[in-house]
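Peer 1: This one is model-v2.cif, mmCIF, C-alpha atoms.
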```cif
data_my_file
loop_
_atom_site.label_atom_id
_atom_site.label_comp_id
_atom_site.auth_asym_id
_atom_site.auth_seq_id
_atom_site.Cartn_x
_atom_site.Cartn_y
_atom_site.Cartn_z
CA MET I 1 5.99 -29.71 -19.02
CA THR I 2 4.68 -29.63 -22.53
CA GLN I 3 6.26 -27.81 -25.39
CA GLU I 4 3.79 -26.70 -27.99
CA ASN I 5 4.05 -24.92 -31.25
CA LYS I 6 4.21 -21.17 -30.69
CA LYS I 7 1.09 -20.50 -32.76
CA ASP I 8 -0.95 -22.75 -30.39
CA ASP I 9 -0.08 -20.61 -27.40
CA LYS I 10 -3.30 -18.68 -27.65
CA LEU I 11 -4.93 -18.32 -24.30
CA VAL I 12 -8.55 -19.23 -23.87
CA VAL I 13 -10.25 -17.96 -20.74
CA VAL I 14 -11.97 -20.55 -18.59
CA GLU I 15 -15.02 -18.67 -17.37
CA SER I 16 -15.57 -20.80 -14.27
CA ARG I 17 -12.47 -19.24 -12.73
CA TRP I 18 -14.17 -15.88 -12.34
CA ASP I 19 -14.74 -15.59 -8.64
CA PHE I 20 -14.10 -12.18 -7.23
CA LEU I 21 -14.82 -13.19 -3.66
CA LYS I 22 -12.28 -15.87 -3.19
CA GLN I 23 -9.48 -13.55 -2.12
CA ARG I 24 -11.44 -12.32 0.85
CA THR I 25 -11.40 -13.83 4.29
CA PRO I 26 -14.66 -15.70 4.88
CA ASP I 27 -17.51 -14.20 6.83
CA PHE I 28 -17.22 -16.24 10.02
CA LEU I 29 -20.86 -15.77 10.89
CA GLU I 30 -22.51 -16.12 7.48
CA ASP I 31 -20.42 -18.38 5.26
CA SER I 32 -20.69 -22.15 5.51
CA MET I 33 -18.94 -23.63 8.53
CA ALA I 34 -16.97 -25.90 6.20
CA LYS I 35 -15.47 -22.84 4.51
CA VAL I 36 -14.68 -21.24 7.87
CA VAL I 37 -13.05 -24.42 9.20
CA LYS I 38 -10.94 -24.77 6.06
CA PHE I 39 -9.79 -21.15 6.34
CA ILE I 40 -8.91 -21.34 10.04
CA ALA I 41 -7.15 -24.69 9.57
CA GLY I 42 -4.93 -23.14 6.88
CA LEU I 43 -3.69 -20.21 8.97
CA PRO I 44 0.01 -20.75 9.59
CA PHE I 45 0.23 -18.30 12.47
CA LEU I 46 -2.25 -20.01 14.78
CA THR I 47 -1.39 -22.92 17.04
CA ASP I 48 -3.70 -25.94 17.00
CA GLU I 49 -5.08 -24.84 20.36
CA GLN I 50 -5.84 -21.34 19.09
CA LYS I 51 -7.55 -22.77 16.01
CA GLN I 52 -9.76 -24.91 18.23
CA GLU I 53 -10.58 -21.98 20.51
CA PHE I 54 -11.56 -19.74 17.59
CA LEU I 55 -13.66 -22.43 15.98
CA GLU I 56 -15.53 -23.02 19.24
CA LYS I 57 -16.10 -19.31 19.67
CA ILE I 58 -17.33 -18.96 16.09
CA LYS I 59 -19.67 -21.96 16.48
CA SER I 60 -21.09 -20.53 19.66
CA LEU I 61 -21.69 -17.12 18.08
CA ARG I 62 -23.32 -18.72 15.05
CA GLU I 63 -25.63 -20.72 17.30
CA ARG I 64 -26.63 -17.55 19.11
CA LYS I 65 -27.46 -16.02 15.76
CA GLY I 66 -29.43 -19.09 14.82
CA ARG I 67 -27.16 -19.82 11.87
CA GLU I 68 -27.64 -23.40 10.68
CA ASP I 69 -25.04 -25.16 8.57
CA MET S 70 -31.61 3.08 38.70
CA VAL S 71 -31.86 -0.72 38.76
CA ASP S 72 -33.68 -0.62 35.44
CA GLN S 73 -30.96 1.54 33.94
CA VAL S 74 -28.23 -0.87 35.09
CA ALA S 75 -30.20 -3.83 33.76
CA GLU S 76 -30.56 -2.08 30.42
CA VAL S 77 -26.83 -1.37 30.22
CA VAL S 78 -25.93 -4.97 31.17
CA SER S 79 -28.43 -6.35 28.68
CA HIS S 80 -27.01 -4.12 25.96
CA TRP S 81 -23.49 -5.30 26.77
CA VAL S 82 -24.46 -8.98 26.74
CA GLU S 83 -26.30 -8.68 23.45
CA ALA S 84 -23.68 -6.52 21.73
CA PRO S 85 -23.32 -7.99 18.26
CA VAL S 86 -19.97 -9.48 17.33
CA SER S 87 -19.15 -8.68 13.74
CA SER S 88 -17.38 -11.08 11.46
CA GLU S 89 -14.78 -8.40 10.76
CA GLY S 90 -14.15 -7.99 14.49
CA LEU S 91 -13.64 -11.73 14.77
CA THR S 92 -11.27 -11.79 11.82
CA LEU S 93 -9.26 -8.97 13.34
CA GLU S 94 -9.05 -10.93 16.57
CA VAL S 95 -7.70 -13.91 14.63
CA LEU S 96 -5.20 -11.81 12.65
CA ARG S 97 -3.98 -10.10 15.82
CA LYS S 98 -2.56 -13.47 16.88
CA GLY S 99 -0.20 -13.19 13.94
CA VAL S 100 1.74 -10.42 15.68
CA ASP S 101 2.54 -12.77 18.57
CA TRP S 102 3.53 -15.40 16.00
CA LEU S 103 5.95 -12.97 14.33
CA LYS S 104 7.53 -12.10 17.68
CA GLY S 105 7.68 -15.72 18.83
CA ASP S 106 7.59 -18.84 16.70
CA PHE S 107 8.37 -17.12 13.39
CA ARG S 108 11.31 -15.15 14.83
CA ASN S 109 12.76 -18.20 16.58
CA ARG S 110 12.59 -20.41 13.50
CA TRP S 111 13.94 -17.65 11.25
CA ASN S 112 16.84 -17.19 13.65
CA LYS S 113 17.58 -20.92 13.90
CA ASN S 114 17.53 -21.46 10.14
CA LEU S 115 19.60 -18.39 9.25
CA ARG S 116 22.26 -19.42 11.78
CA SER S 117 22.24 -23.01 10.51
CA LEU S 118 22.56 -21.77 6.96
CA GLU S 119 25.56 -19.59 7.84
CA SER S 120 27.31 -22.44 9.59
CA LEU S 121 27.00 -24.55 6.41
CA LYS S 122 28.10 -21.82 4.01
CA ASP S 123 30.00 -23.97 1.48
CA ASN S 124 27.93 -27.09 1.86
CA ARG S 125 25.50 -27.53 -1.05
CA GLY S 126 24.15 -30.86 0.16
CA LYS S 127 20.93 -32.19 1.61
CA GLU S 128 21.28 -30.27 4.86
CA MET S 129 21.35 -26.96 3.03
CA LEU S 130 18.30 -27.91 0.97
CA LYS S 131 16.46 -28.80 4.17
CA ILE S 132 17.24 -25.41 5.74
CA CYS S 133 16.40 -23.49 2.57
CA THR S 134 13.11 -25.38 2.27
CA GLU S 135 12.15 -24.44 5.80
CA LEU S 136 13.07 -20.79 5.17
CA ALA S 137 11.03 -20.83 1.95
CA ASN S 138 8.05 -22.21 3.87
CA LEU S 139 8.40 -19.50 6.50
CA GLN S 140 8.60 -16.87 3.75
CA ARG S 141 5.38 -18.24 2.24
CA ASP S 142 3.63 -18.19 5.64
CA LEU S 143 4.79 -14.64 6.26
CA ALA S 144 3.64 -13.49 2.83
CA TYR S 145 0.22 -15.11 3.35
CA TYR S 146 -0.19 -13.44 6.73
CA LEU S 147 0.80 -10.00 5.40
CA PHE S 148 -1.55 -10.55 2.47
CA LEU S 149 -4.53 -11.29 4.75
CA VAL S 150 -3.86 -8.21 6.88
CA SER S 151 -3.45 -5.95 3.85
CA GLN S 152 -6.68 -7.04 2.15
CA ASN S 153 -8.81 -4.89 4.43
CA ARG S 154 -8.19 -1.25 5.30
CA ASP S 155 -9.50 -1.62 8.85
CA PHE S 156 -7.19 -4.56 9.53
CA LEU S 157 -4.30 -2.61 8.08
CA ARG S 158 -5.13 0.43 10.19
CA GLU S 159 -5.09 -1.69 13.35
CA LEU S 160 -2.20 -3.99 12.59
CA GLU S 161 0.21 -2.03 10.37
CA LYS S 162 2.22 -0.61 13.25
CA PRO S 163 2.45 -3.76 15.43
CA VAL S 164 3.43 -5.85 12.38
CA ARG S 165 6.02 -3.29 11.28
CA GLU S 166 7.47 -3.14 14.80
CA ALA S 167 7.60 -6.94 15.09
CA LEU S 168 9.42 -7.27 11.78
CA PHE S 169 11.48 -4.12 11.42
CA GLY S 170 11.47 -2.43 14.84
CA GLU S 171 14.63 -0.92 16.30
CA GLY S 172 14.50 -3.11 19.41
CA ARG S 173 16.48 -6.27 19.93
CA ASP S 174 13.33 -8.37 19.83
CA SER S 175 12.38 -7.53 16.23
CA VAL S 176 12.91 -10.09 13.47
CA VAL S 177 15.49 -7.96 11.64
CA ASN S 178 17.69 -7.81 14.71
CA VAL S 179 17.52 -11.53 15.32
CA LEU S 180 21.19 -12.05 14.42
CA GLY S 181 22.27 -8.94 16.30
CA MET S 182 21.88 -5.23 15.66
CA ASP S 183 24.89 -5.22 13.30
CA ARG S 184 23.36 -7.87 10.99
CA ARG S 185 20.13 -6.02 10.35
CA GLY S 186 20.77 -5.47 6.65
CA PHE S 187 21.38 -9.15 6.03
CA VAL S 188 18.12 -10.19 7.71
CA GLU S 189 16.20 -7.43 5.92
CA GLY S 190 17.43 -8.92 2.67
CA SER S 191 16.20 -12.35 3.70
CA LEU S 192 12.70 -10.96 4.38
CA ALA S 193 12.56 -9.02 1.12
CA GLY S 194 11.72 -12.13 -0.88
CA ALA S 195 8.53 -12.79 1.08
CA ILE S 196 7.30 -9.22 0.67
CA SER S 197 8.18 -9.15 -3.04
CA ASN S 198 5.39 -11.70 -3.60
CA LEU S 199 2.88 -9.14 -2.38
CA THR S 200 4.29 -6.37 -4.55
CA PHE S 201 4.21 -8.71 -7.54
CA TRP S 202 0.57 -9.63 -6.82
CA ARG S 203 -0.33 -5.97 -6.53
CA LEU S 204 1.41 -5.07 -9.76
CA ILE S 205 -0.56 -7.80 -11.54
CA THR S 206 -3.94 -6.99 -10.05
CA GLU S 207 -3.54 -3.23 -10.31
CA SER S 208 -2.39 -3.30 -13.89
CA LYS S 209 -5.19 -5.67 -14.90
CA GLN S 210 -7.94 -5.58 -12.31
CA ASP S 211 -9.94 -8.30 -14.00
CA LEU S 212 -7.17 -10.72 -13.09
CA ALA S 213 -7.54 -10.12 -9.34
CA GLY S 214 -10.28 -12.70 -9.02
CA ARG S 215 -8.49 -15.28 -11.09
CA LEU S 216 -5.30 -15.36 -9.10
CA ASP S 217 -5.41 -17.11 -5.75
CA PHE S 218 -2.59 -15.59 -3.71
CA ALA S 219 -2.32 -18.55 -1.33
CA GLN S 220 -1.73 -20.84 -4.31
CA MET S 221 0.47 -18.37 -6.17
CA ILE S 222 3.23 -18.41 -3.54
CA VAL S 223 4.62 -21.89 -3.55
CA GLY S 224 7.38 -21.95 -0.90
CA GLY S 225 8.97 -25.24 0.12
CA GLU S 226 11.16 -27.32 -2.11
CA LEU S 227 9.82 -25.79 -5.30
CA ASP S 228 11.32 -22.50 -4.18
CA ALA S 229 14.44 -23.82 -2.45
CA ARG S 230 15.48 -26.42 -5.03
CA TYR S 231 14.04 -25.07 -8.27
CA ALA S 232 14.10 -21.30 -7.66
CA ILE S 233 10.41 -20.99 -8.52
CA ASP S 234 8.90 -18.28 -6.34
CA ALA S 235 5.44 -17.95 -7.83
CA VAL S 236 3.14 -20.05 -9.97
CA LEU S 237 0.52 -18.05 -11.82
CA ASP S 238 -2.62 -19.94 -12.76
CA PHE S 239 -5.02 -17.55 -14.47
CA GLY S 240 -7.29 -20.43 -15.38
CA THR S 241 -6.36 -20.19 -19.03
CA LYS S 242 -5.78 -22.95 -21.54
CA THR S 243 -4.00 -23.25 -24.84
CA LYS S 244 -6.09 -23.77 -27.94
CA GLY S 245 -5.02 -27.39 -27.69
CA GLY S 246 -6.77 -27.62 -24.31
CA LYS S 247 -3.73 -27.75 -22.03
CA LYS S 248 -3.83 -25.73 -18.84
CA VAL S 249 -1.29 -22.92 -18.80
CA LEU S 250 0.96 -22.15 -15.84
CA ARG S 251 3.40 -19.28 -15.64
CA LEU S 252 6.38 -20.03 -13.41
CA VAL S 253 8.19 -17.02 -12.04
CA GLN S 254 11.49 -16.40 -10.39
CA LEU S 255 11.25 -13.15 -8.45
CA LYS S 256 14.02 -10.70 -7.66
CA THR S 257 13.85 -7.37 -5.88
CA ASP S 258 15.34 -4.02 -6.70
CA ARG S 259 16.06 -1.38 -4.06
CA SER S 260 15.90 1.47 -6.52
CA GLY S 261 12.31 0.49 -7.36
CA GLN S 262 12.62 -0.81 -10.90
CA VAL S 263 10.32 -3.24 -12.65
CA VAL S 264 11.92 -5.59 -15.19
CA ALA S 265 10.46 -8.74 -16.69
CA ASN S 266 12.09 -11.30 -19.00
CA GLU S 267 10.67 -14.44 -20.52
CA VAL S 268 12.88 -17.51 -20.21
CA HIS S 269 12.64 -19.69 -23.33
CA PRO S 270 13.53 -23.31 -22.46
CA ASN S 271 15.04 -23.99 -25.87
CA ASP S 272 16.94 -20.76 -26.14
CA LEU S 273 18.46 -20.01 -22.76
CA LYS S 274 20.47 -16.85 -22.32
CA THR S 275 23.56 -16.53 -20.17
CA GLU S 276 21.72 -14.26 -17.78
CA TYR S 277 18.41 -12.48 -17.13
CA LEU S 278 17.42 -9.28 -15.34
CA GLY S 279 20.83 -7.76 -15.91
CA GLY S 280 22.65 -10.73 -14.40
CA SER S 281 20.67 -11.45 -11.24
CA VAL S 282 19.26 -14.66 -12.75
CA THR S 283 21.85 -16.96 -14.36
CA LYS S 284 21.39 -19.58 -17.03
CA LYS S 285 21.81 -22.18 -14.29
CA ASP S 286 18.93 -20.62 -12.29
CA ALA S 287 16.76 -20.72 -15.41
CA GLU S 288 17.62 -24.39 -15.98
CA ARG S 289 16.58 -25.16 -12.40
CA MET S 290 13.15 -23.65 -13.02
CA ILE S 291 12.66 -25.73 -16.13
CA GLU S 292 13.77 -28.86 -14.31
CA GLY S 293 11.27 -28.07 -11.53
CA ALA S 294 8.45 -27.69 -14.03
CA ARG S 295 9.28 -31.02 -15.67
CA GLU S 296 9.17 -32.66 -12.27
CA ARG S 297 6.09 -30.99 -10.79
CA TYR S 298 3.90 -29.97 -13.71
CA PRO S 299 4.38 -32.57 -16.43
CA ASP S 300 0.81 -32.21 -17.74
CA TYR S 301 0.75 -28.43 -18.05
CA TYR S 302 1.90 -26.02 -20.70
CA CYS S 303 4.48 -24.05 -18.72
CA ARG S 304 5.97 -20.69 -19.49
CA PHE S 305 8.91 -19.26 -17.57
CA PHE S 306 9.68 -15.74 -16.43
CA ALA S 307 12.24 -13.84 -14.40
CA VAL S 308 10.69 -10.74 -12.84
CA CYS S 309 12.23 -7.98 -10.78
CA VAL S 310 9.92 -5.89 -8.58
CA PRO S 311 10.57 -2.94 -6.24
CA SER S 312 11.78 -4.13 -2.82
CA PHE S 313 9.85 -3.28 0.35
CA ASP S 314 12.37 -0.55 1.20
CA SER S 315 12.46 1.02 -2.28
CA PRO S 316 10.88 4.45 -2.94
CA PRO S 317 7.66 3.10 -4.55
CA VAL S 318 6.89 0.75 -1.62
CA ARG S 319 8.47 1.56 1.75
CA ASN S 320 6.12 -0.65 3.76
CA ALA S 321 6.05 -4.18 5.13
CA PHE S 322 3.01 -5.17 3.06
CA GLY S 323 4.48 -4.65 -0.39
CA ILE S 324 1.85 -2.06 -1.22
CA ILE S 325 2.86 0.32 -3.99
CA HIS S 326 2.49 3.56 -2.13
CA PRO S 327 -0.61 5.52 -3.23
CA GLY S 328 1.34 8.77 -2.86
CA TYR S 329 4.37 7.68 -4.86
CA PRO S 330 4.66 10.18 -7.75
CA GLY S 331 5.73 7.56 -10.28
CA ARG S 332 3.06 5.04 -9.28
CA LYS S 333 1.03 5.14 -12.48
CA ILE S 334 4.12 5.07 -14.67
CA LEU S 335 5.46 2.06 -12.76
CA ILE S 336 2.22 0.09 -13.06
CA ASP S 337 1.78 1.04 -16.73
CA GLN S 338 5.36 0.01 -17.44
CA PHE S 339 4.82 -3.35 -15.74
CA LYS S 340 1.57 -3.90 -17.62
CA LYS S 341 3.08 -3.06 -20.99
CA GLU S 342 6.10 -5.26 -20.44
CA ALA S 343 4.11 -8.14 -18.89
CA GLU S 344 1.64 -8.19 -21.79
CA ARG S 345 4.38 -7.93 -24.38
CA ILE S 346 6.23 -11.00 -23.10
CA GLY S 347 3.07 -12.96 -22.18
CA LEU S 348 3.49 -12.84 -18.40
CA LEU S 349 -0.11 -11.63 -18.25
CA PRO S 350 -2.77 -13.04 -20.59
CA ASN S 351 -4.34 -10.62 -23.03
#
```
Could you spell out this file's structure in structure tokens?

Peer 2:
Amino acid sequence: MTQENKKDDKLVVVESRWDFLKQRTPDFLEDSMAKVVKFIAGLPFLTDEQKQEFLEKIKSLRERKGRED
Amino acid sequence: MVDQVAEVVSHWVEAPVSSEGLTLEVLRKGVDWLKGDFRNRWNKNLRSLESLKDNRGKEMLKICTELANLQRDLAYYLFLVSQNRDFLRELEKPVREALFGEGRDSVVNVLGMDRRGFVEGSLAGAISNLTFWRLITESKQDLAGRLDFAQMIVGGELDARYAIDAVLDFGTKTKGGKKVLRLVQLKTDRSGQVVANEVHPNDLKTEYLGGSVTKKDAERMIEGARERYPDYYCRFFAVCVPSFDSPPVRNAFGIIHPGYPGRKILIDQFKKEAERIGLLPN
């Protein structure tokens, strides 16, 4: 933790943080597979088996749509 | 006739699967998780905690850490469901029943029907994260994209040992170039009040939020920041938000009810107070 002089506590916005889409769940069929895998892997309510099943299903549906990663 | 059947079958086989439909299928699994694994672990940890009551040692920290992690997982799940109206429409009732249903198999009745109030209180912390997030993003909508909910709720030891419930990273820096984090200890209020205090590390008060956060709690937050975020410029806050069962909310997702008559006043009051003390960047 850093203590700074009060007058330095002026906030400067870092523009690169503006990303209005990041709160949304990914589009399983359109977003990159890496993003989808990361999202599914981070879901605390799925078992490892369920994660694997969903990922296989998503991959299969993407292939049918001709989606390339 | 054969042609008609073939057409129907073909239509069925080719029926498009939408991404939203898939997401709903994934989120639906969360209801089973609430009724099963989540409920069992919540039960086990609450019972273990009660049996330790006066023990402040490592065992208690271990149990509290696991409960804090479960709270974080619950909050994240409720957040995902509540981000989309269609998901909410489908899952609101099953989630509510799994958590707060009258039956013996709901989470709130996990210690017995007569202990419902105690378990409700233990769940309130998880849901308060969602109400807090909504207060922030509804009072300043441009902040919605800057705040990653999954990163905001910390859980684990940071919560259990240091009483830090939320870490706000708006992606801002001081003029000196240091990244700014806002560390928050959250409390809930059943009457639906919003109160926010800044905690100044060099000028600690005896208590905050009318006594619900003590000087010792505030010192724990500061200690946690020194340990975990040594390279950041940290600011500290104690914030009280309406509980899930208070008049402005009354739902399991921490949503400030659109029909609540004092909704605008509540959000405006939060905004004014949060900007005044620097909880939200200007």

Peer 1: Name the residues that the PyMOL selection byres ((chain S and resi 332-342) around 9) pulls out of this structure, and write them as a compact mmCIF listing (two decimals) with C-alpha atoms, in the frame of the given file.

Peer 2:
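See out_35.txt below for the written result:
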```txt
# COMPACT_ATOMS: atom_id res chain seq x y z
CA LEU S 204 1.41 -5.07 -9.76
CA ILE S 205 -0.56 -7.80 -11.54
CA GLU S 207 -3.54 -3.23 -10.31
CA SER S 208 -2.39 -3.30 -13.89
CA LYS S 209 -5.19 -5.67 -14.90
CA GLY S 261 12.31 0.49 -7.36
CA GLN S 262 12.62 -0.81 -10.90
CA VAL S 263 10.32 -3.24 -12.65
CA VAL S 264 11.92 -5.59 -15.19
CA ALA S 265 10.46 -8.74 -16.69
CA ASN S 266 12.09 -11.30 -19.00
CA PRO S 317 7.66 3.10 -4.55
CA ILE S 325 2.86 0.32 -3.99
CA HIS S 326 2.49 3.56 -2.13
CA PRO S 327 -0.61 5.52 -3.23
CA GLY S 328 1.34 8.77 -2.86
CA TYR S 329 4.37 7.68 -4.86
CA PRO S 330 4.66 10.18 -7.75
CA GLY S 331 5.73 7.56 -10.28
CA ALA S 343 4.11 -8.14 -18.89
CA GLU S 344 1.64 -8.19 -21.79
CA ARG S 345 4.38 -7.93 -24.38
CA ILE S 346 6.23 -11.00 -23.10
CA GLY S 347 3.07 -12.96 -22.18
CA LEU S 348 3.49 -12.84 -18.40
CA LEU S 349 -0.11 -11.63 -18.25
```

Peer 1: Have a look at CA of Lys57 in chain I and CA of Leu91 in chain S and let me know their distance in Å, one decimal.

Peer 2: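 Separating CA of Lys57 in chain I from CA of Leu91 in chain S is a distance of 9.4 Å.
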
Peer 1: Can you check which residues of chain S have any atom within 7 Å of chain I? Use only C-alpha atoms and format it as a compact mmCIF listing (two decimals) with C-alpha atoms, in the coordinates of the input.

Peer 2:
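Contents of the output file part20.txt:
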```
# COMPACT_ATOMS: atom_id res chain seq x y z
CA SER S 88 -17.38 -11.08 11.46
CA LYS S 98 -2.56 -13.47 16.88
CA GLY S 99 -0.20 -13.19 13.94
CA TRP S 102 3.53 -15.40 16.00
CA ASP S 142 3.63 -18.19 5.64
CA GLY S 214 -10.28 -12.70 -9.02
CA ARG S 215 -8.49 -15.28 -11.09
CA ASP S 217 -5.41 -17.11 -5.75
CA GLY S 240 -7.29 -20.43 -15.38
CA THR S 241 -6.36 -20.19 -19.03
CA LYS S 242 -5.78 -22.95 -21.54
CA THR S 243 -4.00 -23.25 -24.84
CA LYS S 244 -6.09 -23.77 -27.94
CA GLY S 245 -5.02 -27.39 -27.69
CA ALA S 294 8.45 -27.69 -14.03
CA ARG S 295 9.28 -31.02 -15.67
CA TYR S 298 3.90 -29.97 -13.71
CA PRO S 299 4.38 -32.57 -16.43
CA ASP S 300 0.81 -32.21 -17.74
CA TYR S 301 0.75 -28.43 -18.05
CA TYR S 302 1.90 -26.02 -20.70
CA CYS S 303 4.48 -24.05 -18.72
CA PRO S 350 -2.77 -13.04 -20.59
```

Peer 1: Hey, what comes out of the PyMOL selection byres ((chain S and resi 159-169) around 9) on this file? Could you write it as a VMD selection string?

Peer 2: chain S and resid 93 96 to 97 99 to 101 103 to 104 108 147 150 to 151 154 to 158 170 to 172 174 to 178 185 189 192 320 to 322

Peer 1: Out of S:Glu128, S:Glu119, S:Glu267, S:Asp258, which residue has the shortest atom-to-atom distance to Ala307 in chain S when counting all atoms listed in the file?

Peer 2: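 Closest to Ala307 in chain S, using all atoms listed in the file: S:Glu267.
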
Peer 1: Given 5 Å on each side, where is the centre and what are the edge lengths in Å to one decimal of the axis-aligned box enclosing the listed atoms of range 188-194 of chain S, as AutoDock Vina command-line options?

Peer 2:
```
--center_x 14.9 --center_y -9.9 --center_z 3.4 --size_x 16.4 --size_y 14.9 --size_z 18.6
```

Peer 1: Would you mind putting N, CA and C atoms back on range 332-348 of chain S and writing the result as a PDB file, keeping the file's coordinate frame?

Peer 2:
```
ATOM      1  N   ARG S 332       3.867   6.257  -9.439  1.00  0.00           N
ATOM      2  CA  ARG S 332       3.060   5.040  -9.280  1.00  0.00           C
ATOM      3  C   ARG S 332       2.425   4.578 -10.600  1.00  0.00           C
ATOM      4  N   LYS S 333       1.749   5.507 -11.253  1.00  0.00           N
ATOM      5  CA  LYS S 333       1.030   5.140 -12.480  1.00  0.00           C
ATOM      6  C   LYS S 333       2.008   4.690 -13.563  1.00  0.00           C
ATOM      7  N   ILE S 334       3.111   5.419 -13.658  1.00  0.00           N
ATOM      8  CA  ILE S 334       4.120   5.070 -14.670  1.00  0.00           C
ATOM      9  C   ILE S 334       4.656   3.664 -14.418  1.00  0.00           C
ATOM     10  N   LEU S 335       4.915   3.368 -13.134  1.00  0.00           N
ATOM     11  CA  LEU S 335       5.460   2.060 -12.760  1.00  0.00           C
ATOM     12  C   LEU S 335       4.483   0.933 -13.129  1.00  0.00           C
ATOM     13  N   ILE S 336       3.221   1.127 -12.781  1.00  0.00           N
ATOM     14  CA  ILE S 336       2.220   0.090 -13.060  1.00  0.00           C
ATOM     15  C   ILE S 336       2.000  -0.049 -14.570  1.00  0.00           C
ATOM     16  N   ASP S 337       1.948   1.075 -15.260  1.00  0.00           N
ATOM     17  CA  ASP S 337       1.780   1.040 -16.730  1.00  0.00           C
ATOM     18  C   ASP S 337       2.962   0.337 -17.396  1.00  0.00           C
ATOM     19  N   GLN S 338       4.144   0.627 -16.878  1.00  0.00           N
ATOM     20  CA  GLN S 338       5.360   0.010 -17.440  1.00  0.00           C
ATOM     21  C   GLN S 338       5.326  -1.500 -17.232  1.00  0.00           C
ATOM     22  N   PHE S 339       4.921  -1.915 -16.030  1.00  0.00           N
ATOM     23  CA  PHE S 339       4.820  -3.350 -15.740  1.00  0.00           C
ATOM     24  C   PHE S 339       3.789  -4.000 -16.667  1.00  0.00           C
ATOM     25  N   LYS S 340       2.648  -3.347 -16.798  1.00  0.00           N
ATOM     26  CA  LYS S 340       1.570  -3.900 -17.620  1.00  0.00           C
ATOM     27  C   LYS S 340       2.026  -4.092 -19.077  1.00  0.00           C
ATOM     28  N   LYS S 341       2.639  -3.041 -19.590  1.00  0.00           N
ATOM     29  CA  LYS S 341       3.080  -3.060 -20.990  1.00  0.00           C
ATOM     30  C   LYS S 341       4.086  -4.194 -21.214  1.00  0.00           C
ATOM     31  N   GLU S 342       5.049  -4.262 -20.309  1.00  0.00           N
ATOM     32  CA  GLU S 342       6.100  -5.260 -20.440  1.00  0.00           C
ATOM     33  C   GLU S 342       5.539  -6.677 -20.236  1.00  0.00           C
ATOM     34  N   ALA S 343       4.671  -6.813 -19.216  1.00  0.00           N
ATOM     35  CA  ALA S 343       4.110  -8.140 -18.890  1.00  0.00           C
ATOM     36  C   ALA S 343       3.229  -8.651 -20.035  1.00  0.00           C
ATOM     37  N   GLU S 344       2.480  -7.762 -20.662  1.00  0.00           N
ATOM     38  CA  GLU S 344       1.640  -8.190 -21.790  1.00  0.00           C
ATOM     39  C   GLU S 344       2.496  -8.516 -23.012  1.00  0.00           C
ATOM     40  N   ARG S 345       3.524  -7.727 -23.210  1.00  0.00           N
ATOM     41  CA  ARG S 345       4.380  -7.930 -24.380  1.00  0.00           C
ATOM     42  C   ARG S 345       5.044  -9.313 -24.359  1.00  0.00           C
ATOM     43  N   ILE S 346       5.514  -9.714 -23.156  1.00  0.00           N
ATOM     44  CA  ILE S 346       6.230 -11.000 -23.100  1.00  0.00           C
ATOM     45  C   ILE S 346       5.303 -12.163 -22.739  1.00  0.00           C
ATOM     46  N   GLY S 347       4.019 -11.874 -22.469  1.00  0.00           N
ATOM     47  CA  GLY S 347       3.070 -12.960 -22.180  1.00  0.00           C
ATOM     48  C   GLY S 347       3.011 -13.372 -20.718  1.00  0.00           C
ATOM     49  N   LEU S 348       3.600 -12.543 -19.841  1.00  0.00           N
ATOM     50  CA  LEU S 348       3.490 -12.840 -18.400  1.00  0.00           C
ATOM     51  C   LEU S 348       2.039 -12.730 -17.946  1.00  0.00           C
TER      52      LEU S 348
END
```
